[in-house]
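Report on one structure; see the data block that follows.
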Amino acid sequence: MVSAVARLRGEAVRDVTLRSDARHLKMELESGLILVVSAEQDEQGRPRLEVDVVDAPQDASSKQQIEVRFD
């Protein structure tokens with residue numbers, strides 16, 4: 001977790017999204033990196049904090065949703 005967050009030092013925040021139940025926080029940075037923090041429970045019911053740093057998709061079409069129609 002420390003190495004993932006250390007990678008963000010000096011980054012500027014572009015956008016922050018917090019899920020309505022406050023279990024997931026997504027922070028988009030100017031460099032294109034995305035920080036995702038999740039609070040979950042393990043199988044025994046103990047709290048577990050997960051932190052991931054990922055690169056944003058480079059393909060602009062991957063950000064669009066696909067519309068599917070059923071007849």
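Residue numbers start at 1 in each chain; chains themselves are named A, B, ... in the order of the structure tokens; ligands are numbered from 1 in the order shown.
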Near-Ser3 of chain A list (12 Å; only C-alpha atoms; drop same-chain fewer than 4 positions) as a short mmCIF file (atom, residue, chain, number, x, y, z; two decimals) with C-alpha atoms, in the first residue's frame:
data_model
loop_
_atom_site.label_atom_id
_atom_site.label_comp_id
_atom_site.auth_asym_id
_atom_site.auth_seq_id
_atom_site.Cartn_x
_atom_site.Cartn_y
_atom_site.Cartn_z
CA ARG A 7 3.96 6.75 -6.54
CA LEU A 8 1.44 9.62 -6.31
CA ARG A 9 3.72 12.09 -4.55
CA VAL A 51 -5.49 0.54 -2.41
CA ASP A 52 -4.77 0.31 -6.13
CA VAL A 53 -3.03 2.71 -8.49
#
Need the shell around segment 39-44 of chain A: protein/DNA/RNA residues with any atom at most 8 Å away, counting only C-alpha atoms. Skip same-chain ones fewer than 4 positions apart. Format as a PDB file with N, CA and C atoms, in the first residue's frame?
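What follows is the written file around28.pdb:
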ATOM      1  N   ARG A  23     -17.895   3.190   0.367  1.00  0.00           N
ATOM      2  CA  ARG A  23     -16.995   2.034   0.370  1.00  0.00           C
ATOM      3  C   ARG A  23     -15.904   2.127  -0.685  1.00  0.00           C
ATOM      4  N   HIS A  24     -16.062   3.000  -1.676  1.00  0.00           N
ATOM      5  CA  HIS A  24     -15.077   3.136  -2.738  1.00  0.00           C
ATOM      6  C   HIS A  24     -14.817   4.609  -3.016  1.00  0.00           C
ATOM      7  N   ARG A  48     -11.229  -4.638   5.764  1.00  0.00           N
ATOM      8  CA  ARG A  48     -10.052  -4.764   4.898  1.00  0.00           C
ATOM      9  C   ARG A  48     -10.003  -3.540   3.992  1.00  0.00           C
ATOM     10  N   LEU A  49      -8.861  -2.905   3.925  1.00  0.00           N
ATOM     11  CA  LEU A  49      -8.661  -1.727   3.091  1.00  0.00           C
ATOM     12  C   LEU A  49      -7.790  -2.113   1.903  1.00  0.00           C
ATOM     13  N   GLU A  50      -8.255  -1.821   0.691  1.00  0.00           N
ATOM     14  CA  GLU A  50      -7.485  -2.105  -0.519  1.00  0.00           C
ATOM     15  C   GLU A  50      -7.171  -0.795  -1.224  1.00  0.00           C
TER      16      GLU A  50
END
Computed interatomic separation between atom CA of Val16 of chain A and atom CA of Leu29 of chain A (Å):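 Separation of atom CA of Val16 of chain A and atom CA of Leu29 of chain A: 8.8 Å.
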Contacts of Ala22 of chain A at 10 Å (only C-alpha atoms; same-chain gap of 3+ positions) as a list in words: Thr17, Leu18, Arg19, Leu25, Ser38 and Ala39 of chain A
Long-range neighbours of Glu30 of chain A as a ChimeraX atom specification, 7 Å cut-off, only C-alpha atoms, 5 positions minimum in chain: /A:11-14
Atom-to-atom span, atom CA of Asp15 of chain A and atom CA of Val36 of chain A, Å: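 Pair atom CA of Asp15 of chain A / atom CA of Val36 of chain A returns 12.0 Å.
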Backbone DSSP call of helix (DSSP H, G or I) for chain A, listed as a list in words: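 Reading the DSSP output for chain A, helix (DSSP H, G or I) covers Val2, Ser3, Ala4, Val5, Ala6, Ala60, Ser61, Ser62 and Lys63 of chain A.
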Strand (DSSP E or B) call set, DSSP backbone run, segment 2-69 of chain A, as a PyMOL selection string: chain A and resi 13-18+24-29+33-41+47-55
